[in-house]
$ cat structure_12.cif   # mmCIF, C-alpha atoms
data_work
loop_
_atom_site.label_atom_id
_atom_site.label_comp_id
_atom_site.auth_asym_id
_atom_site.auth_seq_id
_atom_site.Cartn_x
_atom_site.Cartn_y
_atom_site.Cartn_z
CA MET A 1 29.70 -141.88 -32.00
CA LYS A 2 26.13 -141.55 -33.24
CA PRO A 3 24.63 -138.02 -33.12
CA LYS A 4 22.01 -139.08 -30.58
CA GLY A 5 24.65 -140.51 -28.27
CA PHE A 6 26.81 -137.40 -28.68
CA PHE A 7 24.02 -135.03 -27.66
CA LEU A 8 23.14 -137.26 -24.68
CA LEU A 9 26.76 -137.17 -23.52
CA PHE A 10 26.92 -133.39 -24.08
CA ALA A 11 23.77 -132.83 -22.03
CA THR A 12 25.13 -135.00 -19.22
CA VAL A 13 28.39 -132.99 -19.11
CA LEU A 14 26.46 -129.70 -19.04
CA PHE A 15 24.37 -130.94 -16.12
CA LEU A 16 27.37 -132.13 -14.12
CA PHE A 17 29.71 -129.25 -15.06
CA PRO A 18 27.62 -126.22 -16.06
CA PRO A 19 29.53 -123.38 -17.79
CA PHE A 20 28.09 -120.99 -15.18
CA PRO A 21 28.15 -121.93 -11.46
CA LEU A 22 24.39 -121.92 -10.88
CA ALA A 23 24.65 -122.58 -7.18
CA ASN A 24 27.05 -119.66 -6.82
CA VAL A 25 24.68 -117.38 -8.72
CA ARG A 26 21.93 -118.19 -6.24
CA ILE A 27 24.30 -117.52 -3.34
CA VAL A 28 25.33 -114.14 -4.76
CA VAL A 29 21.72 -113.07 -5.25
CA SER A 30 20.95 -114.13 -1.71
CA GLN A 31 23.93 -112.20 -0.39
CA GLN A 32 22.94 -109.10 -2.35
CA THR A 33 19.45 -109.29 -0.89
CA SER A 34 20.77 -109.70 2.63
CA ARG A 35 23.10 -106.72 2.15
CA ASP A 36 20.21 -104.46 1.14
CA LYS A 37 20.08 -102.03 4.04
CA TRP A 38 16.32 -101.59 3.93
CA VAL A 39 15.75 -105.37 4.06
CA THR A 40 18.15 -105.58 7.01
CA ILE A 41 16.33 -102.79 8.83
CA GLN A 42 12.94 -104.44 8.27
CA ARG A 43 14.21 -107.72 9.70
CA ARG A 44 15.82 -105.96 12.65
CA GLY A 45 12.80 -103.75 13.31
CA LYS A 46 14.91 -100.75 14.34
CA LEU A 47 16.92 -97.95 12.79
CA ILE A 48 20.51 -97.47 13.96
CA VAL A 49 21.30 -93.78 13.59
CA GLY A 50 24.50 -91.85 14.22
CA VAL A 51 23.83 -88.51 15.94
CA LYS A 52 25.43 -85.76 17.99
CA ASP A 53 24.64 -85.52 21.70
CA ASN A 54 26.23 -82.19 22.58
CA LEU A 55 24.97 -79.76 19.94
CA PRO A 56 21.82 -77.90 21.03
CA PRO A 57 19.32 -77.39 19.53
CA LEU A 58 20.12 -80.06 16.91
CA ALA A 59 20.87 -82.94 19.25
CA PHE A 60 21.69 -82.84 22.95
CA ARG A 61 20.81 -84.39 26.30
CA ASP A 62 18.13 -82.82 28.46
CA ALA A 63 18.19 -82.58 32.25
CA ASP A 64 17.16 -86.25 32.50
CA GLY A 65 19.86 -87.41 30.10
CA ASN A 66 17.47 -88.07 27.21
CA LEU A 67 18.49 -87.22 23.66
CA VAL A 68 16.36 -84.39 22.28
CA GLY A 69 16.59 -81.79 19.53
CA PHE A 70 15.71 -81.05 15.93
CA GLU A 71 17.75 -83.90 14.43
CA ILE A 72 16.52 -86.32 17.09
CA ASP A 73 12.95 -85.43 16.11
CA ILE A 74 13.85 -86.18 12.48
CA ALA A 75 15.28 -89.58 13.40
CA ARG A 76 12.22 -90.48 15.46
CA GLY A 77 9.96 -89.20 12.69
CA LEU A 78 11.71 -91.48 10.18
CA ALA A 79 11.29 -94.44 12.52
CA ARG A 80 7.58 -93.67 12.75
CA GLU A 81 7.21 -93.25 8.97
CA LEU A 82 9.28 -96.29 7.97
CA LEU A 83 8.64 -98.74 10.82
CA GLY A 84 5.45 -97.46 12.43
CA ASP A 85 7.06 -96.68 15.79
CA GLU A 86 8.99 -93.51 16.65
CA ASN A 87 10.83 -95.44 19.37
CA ALA A 88 12.14 -98.03 16.89
CA VAL A 89 15.50 -96.29 16.73
CA VAL A 90 18.88 -96.81 18.38
CA PHE A 91 21.00 -93.65 18.71
CA VAL A 92 24.78 -93.85 18.40
CA PRO A 93 26.46 -90.62 19.61
CA LEU A 94 29.41 -89.61 17.43
CA PHE A 95 32.24 -87.10 17.49
CA ASN A 96 32.62 -84.92 14.40
CA GLN A 97 35.50 -86.95 13.00
CA GLN A 98 33.49 -90.18 13.38
CA ARG A 99 30.44 -89.10 11.41
CA LEU A 100 31.50 -90.23 7.93
CA LEU A 101 33.53 -93.21 9.12
CA ALA A 102 30.51 -94.60 10.96
CA VAL A 103 28.54 -94.98 7.72
CA ILE A 104 31.52 -96.05 5.62
CA ASP A 105 32.25 -98.87 8.11
CA ASN A 106 28.51 -99.77 8.35
CA GLN A 107 28.45 -99.13 12.09
CA VAL A 108 25.12 -97.31 11.60
CA ASP A 109 22.37 -97.30 8.98
CA PHE A 110 22.81 -93.57 8.40
CA VAL A 111 23.95 -90.40 10.14
CA ILE A 112 21.95 -87.29 11.07
CA ALA A 113 24.59 -85.17 12.77
CA SER A 114 24.90 -81.64 11.37
CA VAL A 115 26.73 -82.83 8.26
CA THR A 116 26.88 -80.29 5.43
CA LEU A 117 26.41 -81.67 1.93
CA ASN A 118 29.37 -80.71 -0.27
CA SER A 119 31.18 -82.04 -3.33
CA SER A 120 34.22 -83.36 -1.47
CA ARG A 121 32.11 -85.44 0.91
CA GLN A 122 29.98 -86.71 -1.98
CA GLN A 123 33.07 -88.52 -3.26
CA VAL A 124 33.07 -90.87 -0.27
CA VAL A 125 29.45 -90.97 0.97
CA ASP A 126 25.92 -90.42 -0.34
CA PHE A 127 23.42 -87.84 0.90
CA SER A 128 19.68 -87.47 1.19
CA ASP A 129 17.77 -84.38 0.17
CA TYR A 130 18.62 -81.59 2.61
CA TYR A 131 16.44 -81.27 5.71
CA TYR A 132 17.70 -77.84 6.80
CA LEU A 133 19.60 -74.95 5.26
CA SER A 134 22.08 -73.63 7.77
CA ALA A 135 23.95 -70.36 7.33
CA THR A 136 26.30 -67.90 9.01
CA GLY A 137 24.72 -65.81 11.74
CA ILE A 138 25.96 -63.07 14.06
CA VAL A 139 25.55 -62.92 17.84
CA VAL A 140 25.64 -59.59 19.68
CA LYS A 141 24.93 -58.47 23.25
CA ALA A 142 21.22 -58.37 23.99
CA ASP A 143 21.29 -54.69 24.95
CA SER A 144 23.46 -53.57 22.03
CA PRO A 145 22.09 -51.24 19.33
CA PHE A 146 23.16 -53.50 16.46
CA SER A 147 20.65 -54.82 13.95
CA SER A 148 20.56 -56.41 10.51
CA TYR A 149 20.56 -52.89 9.05
CA SER A 150 23.33 -51.68 11.34
CA PRO A 151 25.55 -54.72 11.99
CA PRO A 152 28.63 -54.75 14.22
CA LYS A 153 31.88 -53.46 12.73
CA VAL A 154 34.29 -55.65 14.71
CA ILE A 155 33.37 -59.32 14.53
CA ALA A 156 35.03 -62.40 15.97
CA VAL A 157 35.18 -65.52 13.76
CA LEU A 158 36.60 -68.98 14.30
CA TYR A 159 39.89 -69.52 12.48
CA TYR A 160 39.47 -71.35 9.13
CA SER A 161 35.65 -71.33 9.36
CA ARG A 162 33.43 -70.77 6.34
CA SER A 163 31.92 -67.80 8.20
CA ILE A 164 35.00 -65.78 7.28
CA ALA A 165 34.21 -65.78 3.55
CA ASP A 166 30.51 -65.09 4.21
CA ILE A 167 31.20 -62.04 6.37
CA GLN A 168 33.92 -60.71 4.07
CA TYR A 169 31.55 -60.94 1.12
CA HIS A 170 28.40 -59.55 2.71
CA LEU A 171 29.99 -57.13 5.21
CA PRO A 172 33.23 -56.07 3.49
CA LYS A 173 33.77 -53.12 5.86
CA ALA A 174 33.72 -55.29 8.98
CA LYS A 175 36.99 -55.93 10.82
CA LEU A 176 37.46 -59.61 11.64
CA ARG A 177 39.17 -60.98 14.75
CA GLY A 178 40.18 -64.63 14.70
CA VAL A 179 39.41 -66.83 17.71
CA VAL A 180 40.01 -70.50 18.51
CA SER A 181 36.76 -71.15 20.41
CA TYR A 182 33.29 -69.85 21.23
CA GLN A 183 34.48 -69.19 24.76
CA GLU A 184 37.24 -66.90 23.49
CA ALA A 185 34.66 -65.00 21.42
CA LEU A 186 32.46 -64.63 24.51
CA ASP A 187 35.40 -63.33 26.54
CA LEU A 188 36.26 -60.78 23.86
CA MET A 189 32.67 -59.55 23.71
CA GLU A 190 32.59 -59.25 27.50
CA LYS A 191 35.75 -57.15 27.36
CA GLY A 192 34.32 -55.00 24.57
CA GLU A 193 37.15 -55.93 22.18
CA VAL A 194 34.68 -57.22 19.57
CA GLU A 195 31.06 -56.25 18.95
CA GLY A 196 29.77 -59.55 17.59
CA PHE A 197 30.63 -63.14 16.84
CA ALA A 198 29.89 -64.88 13.52
CA GLY A 199 29.39 -68.63 13.22
CA ASP A 200 27.11 -71.43 12.12
CA VAL A 201 23.56 -70.33 12.92
CA THR A 202 22.58 -73.78 14.24
CA VAL A 203 25.37 -73.67 16.81
CA LEU A 204 24.75 -70.01 17.66
CA THR A 205 21.06 -70.72 18.28
CA GLY A 206 21.97 -73.16 21.03
CA TRP A 207 24.69 -70.86 22.31
CA VAL A 208 22.25 -67.96 22.74
CA ARG A 209 19.84 -70.23 24.64
CA GLU A 210 22.60 -70.92 27.12
CA ASN A 211 23.73 -67.28 27.21
CA PRO A 212 20.54 -65.18 27.52
CA TYR A 213 22.45 -61.89 27.66
CA TYR A 214 23.15 -62.31 23.94
CA ARG A 215 20.91 -62.39 20.90
CA LEU A 216 21.12 -63.59 17.33
CA LEU A 217 20.60 -61.04 14.56
CA PRO A 218 17.78 -62.13 12.22
CA THR A 219 19.80 -61.78 9.00
CA THR A 220 21.91 -64.77 7.97
CA PHE A 221 24.55 -65.14 5.27
CA GLY A 222 25.28 -68.02 2.91
CA SER A 223 23.47 -71.33 2.73
CA TYR A 224 24.72 -74.76 3.85
CA PRO A 225 22.44 -77.76 3.26
CA LEU A 226 22.37 -80.27 6.11
CA ALA A 227 21.56 -83.78 4.90
CA ILE A 228 21.44 -87.39 6.04
CA VAL A 229 24.58 -89.42 5.27
CA PHE A 230 24.57 -92.93 3.76
CA PRO A 231 27.36 -95.27 2.69
CA LYS A 232 28.04 -95.27 -1.02
CA GLY A 233 26.74 -98.23 -2.99
CA ARG A 234 23.60 -99.90 -4.25
CA GLU A 235 22.85 -101.44 -0.87
CA SER A 236 21.45 -98.16 0.47
CA LEU A 237 19.50 -97.01 -2.60
CA THR A 238 16.11 -98.33 -1.46
CA LEU A 239 16.54 -96.80 1.99
CA GLN A 240 17.67 -93.48 0.51
CA ASP A 241 14.68 -93.38 -1.80
CA LYS A 242 12.24 -94.04 1.04
CA ILE A 243 13.82 -91.38 3.25
CA ASN A 244 13.90 -88.83 0.42
CA GLN A 245 10.20 -89.40 -0.18
CA VAL A 246 9.51 -88.68 3.50
CA ILE A 247 11.70 -85.55 3.53
CA ARG A 248 9.98 -84.16 0.43
CA ARG A 249 6.56 -84.78 1.94
CA TRP A 250 7.63 -83.17 5.22
CA LYS A 251 8.79 -80.09 3.32
CA GLY A 252 5.49 -79.86 1.47
CA GLU A 253 3.47 -80.28 4.65
CA GLY A 254 5.60 -77.82 6.63
CA TRP A 255 6.58 -80.44 9.22
CA LEU A 256 10.31 -79.70 9.03
CA LYS A 257 9.74 -75.95 9.28
CA GLU A 258 7.51 -76.38 12.32
CA LYS A 259 10.11 -78.56 14.04
CA ALA A 260 12.89 -76.09 13.24
CA GLN A 261 10.83 -73.22 14.67
CA PHE A 262 10.02 -75.27 17.77
CA TRP A 263 13.74 -75.59 18.48
CA GLY A 264 14.35 -71.90 17.81
CA LEU A 265 16.18 -72.33 14.50
CA PRO A 266 15.89 -69.57 11.87
CA THR A 267 13.61 -70.61 9.04
CA ALA A 268 13.67 -67.57 6.73
CA ILE A 269 15.93 -69.35 4.20
CA LEU A 270 14.52 -72.84 4.67
CA TYR A 271 12.44 -73.78 1.68
#

$ encode --input "structure_12.cif" --output "structure tokens"
Amino acid sequence: MKPKGFFLLFATVLFLFPPFPLANVRIVVSQQTSRDKWVTIQRRGKLIVGVKDNLPPLAFRDADGNLVGFEIDIARGLARELLGDENAVVFVPLFNQQRLLAVIDNQVDFVIASVTLNSSRQQVVDFSDYYYLSATGIVVKADSPFSSYSPPKVIAVLYYSRSIADIQYHLPKAKLRGVVSYQEALDLMEKGEVEGFAGDVTVLTGWVRENPYYRLLPTTFGSYPLAIVFPKGRESLTLQDKINQVIRRWKGEGWLKEKAQFWGLPTAILY
């Protein structure tokens, strides 16, 4: 075969049977674009956000059944910043054990539901910058003489909670009494068997609002960053970056601190 004829035949074979499936390459690129969470959100025009609905003051239902709270304000703020409308958000209430699964299974775009950023969770999901630093706080009776300088000596703590280590470290002379629920701690304080109850300050803040005969001591112990949860993978990177930019700006402007104070959350350790 002459060289010219050989090259013509070779070119024809390449065209009919390319070594790389060009059509498939285009399909993969298209699929990658469609899987980009930010692109999907833009097309949809709404955020789908996993939240709590029974955890005042972070996220709970008011007397009219509407979702309100610090984390709800954050979700609406993100909808306003990203989509131009604070109502462009669909809330999906979740139980604690559903929070990570909801993002892993792509049931929601992300979760804002009192999730603490830690190394074990980072193995299965991704996190934003923190939006609040929670901690261990102590509740006492409103008319008690206890203060941050003279804390209670007998303190109830939930079994297996991180508050145990915080209190043991910062108040080594305190006697701890294990309880299985907040109600049991309340009963023990009513009976005078314990002088205070230690727990997550975000939960205790809501608890005190519902139990006005108790107060939260101003000093907190430890530091637990609460952050927004995303599924692992490149598909969420653009969305994460956009949300992190908003969170950083909110911190600089004081917006997050103002919202936390509005809902009665301690802000001494915030930023």

$ residues_around --input "structure_12.cif" --residues "A:Thr220" --least-positions-apart "5" --cutoff "10 Å" --atoms "only C-alpha atoms" --output "JSON, numbers by chain"
{"A": [134, 135, 136, 137, 138, 148, 166, 167, 170, 198, 199, 200, 201, 266, 268, 269]}

$ residues_around --input "structure_12.cif" --residues "A:Gln42" --least-positions-apart "4" --cutoff "12 Å" --atoms "only C-alpha atoms" --output "ChimeraX atom specification"
/A:34,36-38,46-48,79,82-84,88,109,238-239

$ write_last_selection --input "structure_12.cif" --atoms "C-alpha atoms" --output "compact mmCIF listing (two decimals), in the frame of the given file"
# COMPACT_ATOMS: atom_id res chain seq x y z
CA SER A 34 20.77 -109.70 2.63
CA ASP A 36 20.21 -104.46 1.14
CA LYS A 37 20.08 -102.03 4.04
CA TRP A 38 16.32 -101.59 3.93
CA LYS A 46 14.91 -100.75 14.34
CA LEU A 47 16.92 -97.95 12.79
CA ILE A 48 20.51 -97.47 13.96
CA ALA A 79 11.29 -94.44 12.52
CA LEU A 82 9.28 -96.29 7.97
CA LEU A 83 8.64 -98.74 10.82
CA GLY A 84 5.45 -97.46 12.43
CA ALA A 88 12.14 -98.03 16.89
CA ASP A 109 22.37 -97.30 8.98
CA THR A 238 16.11 -98.33 -1.46
CA LEU A 239 16.54 -96.80 1.99

$ resolve_selection --input "structure_12.cif" --expression "the PyMOL selection byres ((chain A and resi 256) around 12)" --output "JSON list (two decimals) with C-alpha atoms, in the coordinates of the input"
[["chain", "number", "residue", "atom", "x", "y", "z"],
["A", 70, "PHE", "CA", 15.71, -81.05, 15.93],
["A", 71, "GLU", "CA", 17.75, -83.90, 14.43],
["A", 73, "ASP", "CA", 12.95, -85.43, 16.11],
["A", 74, "ILE", "CA", 13.85, -86.18, 12.48],
["A", 75, "ALA", "CA", 15.28, -89.58, 13.40],
["A", 77, "GLY", "CA", 9.96, -89.20, 12.69],
["A", 78, "LEU", "CA", 11.71, -91.48, 10.18],
["A", 130, "TYR", "CA", 18.62, -81.59, 2.61],
["A", 131, "TYR", "CA", 16.44, -81.27, 5.71],
["A", 132, "TYR", "CA", 17.70, -77.84, 6.80],
["A", 133, "LEU", "CA", 19.60, -74.95, 5.26],
["A", 246, "VAL", "CA", 9.51, -88.68, 3.50],
["A", 247, "ILE", "CA", 11.70, -85.55, 3.53],
["A", 248, "ARG", "CA", 9.98, -84.16, 0.43],
["A", 249, "ARG", "CA", 6.56, -84.78, 1.94],
["A", 250, "TRP", "CA", 7.63, -83.17, 5.22],
["A", 251, "LYS", "CA", 8.79, -80.09, 3.32],
["A", 252, "GLY", "CA", 5.49, -79.86, 1.47],
["A", 253, "GLU", "CA", 3.47, -80.28, 4.65],
["A", 254, "GLY", "CA", 5.60, -77.82, 6.63],
["A", 255, "TRP", "CA", 6.58, -80.44, 9.22],
["A", 257, "LYS", "CA", 9.74, -75.95, 9.28],
["A", 258, "GLU", "CA", 7.51, -76.38, 12.32],
["A", 259, "LYS", "CA", 10.11, -78.56, 14.04],
["A", 260, "ALA", "CA", 12.89, -76.09, 13.24],
["A", 261, "GLN", "CA", 10.83, -73.22, 14.67],
["A", 262, "PHE", "CA", 10.02, -75.27, 17.77],
["A", 263, "TRP", "CA", 13.74, -75.59, 18.48],
["A", 265, "LEU", "CA", 16.18, -72.33, 14.50],
["A", 266, "PRO", "CA", 15.89, -69.57, 11.87],
["A", 267, "THR", "CA", 13.61, -70.61, 9.04],
["A", 270, "LEU", "CA", 14.52, -72.84, 4.67],
["A", 271, "TYR", "CA", 12.44, -73.78, 1.68]]

$ resolve_selection --input "structure_12.cif" --expression "the PyMOL selection byres ((chain A and resi 140) around 7)" --output "MDAnalysis selection string"
chainID A and resid 138:139 141:142 144 195:197 214:216

$ closest_residue --input "structure_12.cif" --among "A:Leu67, A:Val49, A:Val125, A:Leu117" --to "A:Val92" --atoms "only C-alpha atoms"
A:Val49

$ closest_residue --input "structure_12.cif" --among "A:Ser114, A:Ser161, A:Arg234, A:Ile243" --to "A:Asp53" --atoms "only C-alpha atoms"
A:Ser114

$ resolve_selection --input "structure_12.cif" --expression "the PyMOL selection byres ((chain A and resi 104) around 10)" --output "PyMOL selection string"
chain A and resi 98-103+105-110+124-126+229-232

$ write_last_selection --input "structure_12.cif" --atoms "C-alpha atoms" --output "compact mmCIF listing (two decimals), in the frame of the given file"
# COMPACT_ATOMS: atom_id res chain seq x y z
CA GLN A 98 33.49 -90.18 13.38
CA ARG A 99 30.44 -89.10 11.41
CA LEU A 100 31.50 -90.23 7.93
CA LEU A 101 33.53 -93.21 9.12
CA ALA A 102 30.51 -94.60 10.96
CA VAL A 103 28.54 -94.98 7.72
CA ASP A 105 32.25 -98.87 8.11
CA ASN A 106 28.51 -99.77 8.35
CA GLN A 107 28.45 -99.13 12.09
CA VAL A 108 25.12 -97.31 11.60
CA ASP A 109 22.37 -97.30 8.98
CA PHE A 110 22.81 -93.57 8.40
CA VAL A 124 33.07 -90.87 -0.27
CA VAL A 125 29.45 -90.97 0.97
CA ASP A 126 25.92 -90.42 -0.34
CA VAL A 229 24.58 -89.42 5.27
CA PHE A 230 24.57 -92.93 3.76
CA PRO A 231 27.36 -95.27 2.69
CA LYS A 232 28.04 -95.27 -1.02

$ atom_distance --input "structure_12.cif" --atom1 "atom CA of A:Thr219" --atom2 "atom CA of A:Leu171"
11.8 Å

$ atom_distance --input "structure_12.cif" --atom1 "atom CA of A:Leu176" --atom2 "atom CA of A:Ala156"
5.7 Å

$ closest_residue --input "structure_12.cif" --among "A:Gly264, A:Leu55, A:Leu188, A:Pro225" --to "A:Ser119" --atoms "only C-alpha atoms"
A:Pro225

$ closest_residue --input "structure_12.cif" --among "A:Leu58, A:Val51, A:Ile72, A:Ile155" --to "A:Val194" --atoms "all atoms listed in the file"
A:Ile155

$ atom_distance --input "structure_12.cif" --atom1 "atom CA of A:Asp85" --atom2 "atom CA of A:Arg61"
21.2 Å

$ residues_around --input "structure_12.cif" --residues "A:Val180" --least-positions-apart "6" --cutoff "9 Å" --atoms "only C-alpha atoms" --output "list in words"
Val157, Leu158 and Tyr159 of chain A

$ closest_residue --input "structure_12.cif" --among "A:Pro56, A:Phe221, A:Pro151, A:Val68" --to "A:Leu204" --atoms "only C-alpha atoms"
A:Pro56

$ closest_residue --input "structure_12.cif" --among "A:Gly178, A:Pro212, A:Pro172, A:Pro93" --to "A:Asp143" --atoms "all atoms listed in the file"
A:Pro212

$ axis_aligned_box --input "structure_12.cif" --around "stretch 231-249 of chain A" --padding-each-side "6 Å" --output "JSON"
{"center_x": 17.3, "center_y": -92.8, "center_z": -0.4, "size_x": 33.5, "size_y": 29.3, "size_z": 19.8}

$ decode --input "structure_12.cif" --residues "stretch 35-129 of chain A" --atoms "C-alpha atoms" --output "PDB file, in the first residue's frame"
ATOM      1  CA  ARG A  35     -23.642  16.833  40.045  1.00  0.00           C
ATOM      2  CA  ASP A  36     -22.066  20.102  41.199  1.00  0.00           C
ATOM      3  CA  LYS A  37     -24.227  20.987  44.178  1.00  0.00           C
ATOM      4  CA  TRP A  38     -24.008  24.732  43.647  1.00  0.00           C
ATOM      5  CA  VAL A  39     -25.133  24.400  40.008  1.00  0.00           C
ATOM      6  CA  THR A  40     -28.028  22.210  41.147  1.00  0.00           C
ATOM      7  CA  ILE A  41     -29.047  24.753  43.786  1.00  0.00           C
ATOM      8  CA  GLN A  42     -28.950  27.608  41.268  1.00  0.00           C
ATOM      9  CA  ARG A  43     -31.199  25.695  38.880  1.00  0.00           C
ATOM     10  CA  ARG A  44     -33.576  24.741  41.675  1.00  0.00           C
ATOM     11  CA  GLY A  45     -33.633  28.227  43.182  1.00  0.00           C
ATOM     12  CA  LYS A  46     -33.831  26.959  46.765  1.00  0.00           C
ATOM     13  CA  LEU A  47     -31.586  25.565  49.475  1.00  0.00           C
ATOM     14  CA  ILE A  48     -32.589  22.269  51.093  1.00  0.00           C
ATOM     15  CA  VAL A  49     -31.251  22.350  54.646  1.00  0.00           C
ATOM     16  CA  GLY A  50     -31.346  19.741  57.397  1.00  0.00           C
ATOM     17  CA  VAL A  51     -32.119  21.292  60.797  1.00  0.00           C
ATOM     18  CA  LYS A  52     -33.371  20.511  64.280  1.00  0.00           C
ATOM     19  CA  ASP A  53     -36.887  21.564  65.264  1.00  0.00           C
ATOM     20  CA  ASN A  54     -36.846  20.868  68.996  1.00  0.00           C
ATOM     21  CA  LEU A  55     -33.658  22.492  70.284  1.00  0.00           C
ATOM     22  CA  PRO A  56     -34.225  26.054  71.532  1.00  0.00           C
ATOM     23  CA  PRO A  57     -32.649  28.505  71.016  1.00  0.00           C
ATOM     24  CA  LEU A  58     -30.822  26.940  68.044  1.00  0.00           C
ATOM     25  CA  ALA A  59     -33.842  25.680  66.126  1.00  0.00           C
ATOM     26  CA  PHE A  60     -37.388  25.143  67.376  1.00  0.00           C
ATOM     27  CA  ARG A  61     -41.030  25.838  66.573  1.00  0.00           C
ATOM     28  CA  ASP A  62     -42.698  28.943  67.940  1.00  0.00           C
ATOM     29  CA  ALA A  63     -46.288  29.184  69.148  1.00  0.00           C
ATOM     30  CA  ASP A  64     -47.499  29.339  65.537  1.00  0.00           C
ATOM     31  CA  GLY A  65     -45.493  26.288  64.489  1.00  0.00           C
ATOM     32  CA  ASN A  66     -42.885  28.270  62.552  1.00  0.00           C
ATOM     33  CA  LEU A  67     -39.237  27.255  62.680  1.00  0.00           C
ATOM     34  CA  VAL A  68     -37.154  29.898  64.454  1.00  0.00           C
ATOM     35  CA  GLY A  69     -33.816  30.116  66.235  1.00  0.00           C
ATOM     36  CA  PHE A  70     -30.145  30.914  65.786  1.00  0.00           C
ATOM     37  CA  GLU A  71     -29.451  28.168  63.232  1.00  0.00           C
ATOM     38  CA  ILE A  72     -32.665  28.961  61.354  1.00  0.00           C
ATOM     39  CA  ASP A  73     -31.486  32.576  61.062  1.00  0.00           C
ATOM     40  CA  ILE A  74     -28.177  31.295  59.650  1.00  0.00           C
ATOM     41  CA  ALA A  75     -29.962  29.162  57.055  1.00  0.00           C
ATOM     42  CA  ARG A  76     -32.198  32.051  55.998  1.00  0.00           C
ATOM     43  CA  GLY A  77     -29.185  34.369  55.931  1.00  0.00           C
ATOM     44  CA  LEU A  78     -27.364  31.978  53.580  1.00  0.00           C
ATOM     45  CA  ALA A  79     -30.408  31.834  51.316  1.00  0.00           C
ATOM     46  CA  ARG A  80     -30.426  35.627  51.184  1.00  0.00           C
ATOM     47  CA  GLU A  81     -26.678  35.848  50.524  1.00  0.00           C
ATOM     48  CA  LEU A  82     -26.511  33.061  47.926  1.00  0.00           C
ATOM     49  CA  LEU A  83     -29.909  33.283  46.207  1.00  0.00           C
ATOM     50  CA  GLY A  84     -31.126  36.780  47.038  1.00  0.00           C
ATOM     51  CA  ASP A  85     -34.157  35.620  49.029  1.00  0.00           C
ATOM     52  CA  GLU A  86     -34.151  34.543  52.684  1.00  0.00           C
ATOM     53  CA  ASN A  87     -37.277  32.482  52.024  1.00  0.00           C
ATOM     54  CA  ALA A  88     -35.571  30.439  49.290  1.00  0.00           C
ATOM     55  CA  VAL A  89     -34.954  27.586  51.696  1.00  0.00           C
ATOM     56  CA  VAL A  90     -36.679  24.292  52.454  1.00  0.00           C
ATOM     57  CA  PHE A  91     -36.156  22.998  56.004  1.00  0.00           C
ATOM     58  CA  VAL A  92     -35.902  19.261  56.663  1.00  0.00           C
ATOM     59  CA  PRO A  93     -36.212  18.473  60.406  1.00  0.00           C
ATOM     60  CA  LEU A  94     -33.840  15.705  61.506  1.00  0.00           C
ATOM     61  CA  PHE A  95     -33.231  13.562  64.563  1.00  0.00           C
ATOM     62  CA  ASN A  96     -29.676  13.513  65.899  1.00  0.00           C
ATOM     63  CA  GLN A  97     -28.864  10.151  64.347  1.00  0.00           C
ATOM     64  CA  GLN A  98     -30.085  11.360  60.935  1.00  0.00           C
ATOM     65  CA  ARG A  99     -27.902  14.451  60.690  1.00  0.00           C
ATOM     66  CA  LEU A 100     -24.842  12.938  59.002  1.00  0.00           C
ATOM     67  CA  LEU A 101     -26.776  10.342  57.014  1.00  0.00           C
ATOM     68  CA  ALA A 102     -28.919  13.055  55.451  1.00  0.00           C
ATOM     69  CA  VAL A 103     -25.901  14.674  53.776  1.00  0.00           C
ATOM     70  CA  ILE A 104     -24.158  11.398  52.970  1.00  0.00           C
ATOM     71  CA  ASP A 105     -27.296  10.190  51.149  1.00  0.00           C
ATOM     72  CA  ASN A 106     -27.774  13.612  49.460  1.00  0.00           C
ATOM     73  CA  GLN A 107     -31.211  14.064  50.998  1.00  0.00           C
ATOM     74  CA  VAL A 108     -30.266  17.686  51.763  1.00  0.00           C
ATOM     75  CA  ASP A 109     -27.732  20.191  50.435  1.00  0.00           C
ATOM     76  CA  PHE A 110     -26.186  20.605  53.879  1.00  0.00           C
ATOM     77  CA  VAL A 111     -27.033  20.358  57.564  1.00  0.00           C
ATOM     78  CA  ILE A 112     -27.105  23.087  60.230  1.00  0.00           C
ATOM     79  CA  ALA A 113     -28.181  21.138  63.288  1.00  0.00           C
ATOM     80  CA  SER A 114     -25.895  21.579  66.300  1.00  0.00           C
ATOM     81  CA  VAL A 115     -23.204  19.323  64.844  1.00  0.00           C
ATOM     82  CA  THR A 116     -19.809  19.596  66.525  1.00  0.00           C
ATOM     83  CA  LEU A 117     -16.801  19.504  64.222  1.00  0.00           C
ATOM     84  CA  ASN A 118     -14.419  16.719  65.281  1.00  0.00           C
ATOM     85  CA  SER A 119     -11.822  14.465  63.690  1.00  0.00           C
ATOM     86  CA  SER A 120     -13.953  11.317  63.669  1.00  0.00           C
ATOM     87  CA  ARG A 121     -16.801  13.024  61.823  1.00  0.00           C
ATOM     88  CA  GLN A 122     -14.356  14.607  59.377  1.00  0.00           C
ATOM     89  CA  GLN A 123     -13.591  11.111  58.109  1.00  0.00           C
ATOM     90  CA  VAL A 124     -17.102  10.741  56.679  1.00  0.00           C
ATOM     91  CA  VAL A 125     -18.324  14.313  56.018  1.00  0.00           C
ATOM     92  CA  ASP A 126     -16.921  17.775  55.342  1.00  0.00           C
ATOM     93  CA  PHE A 127     -17.438  20.884  57.456  1.00  0.00           C
ATOM     94  CA  SER A 128     -17.626  24.625  56.963  1.00  0.00           C
ATOM     95  CA  ASP A 129     -15.828  27.140  59.133  1.00  0.00           C
TER      96      ASP A 129
END
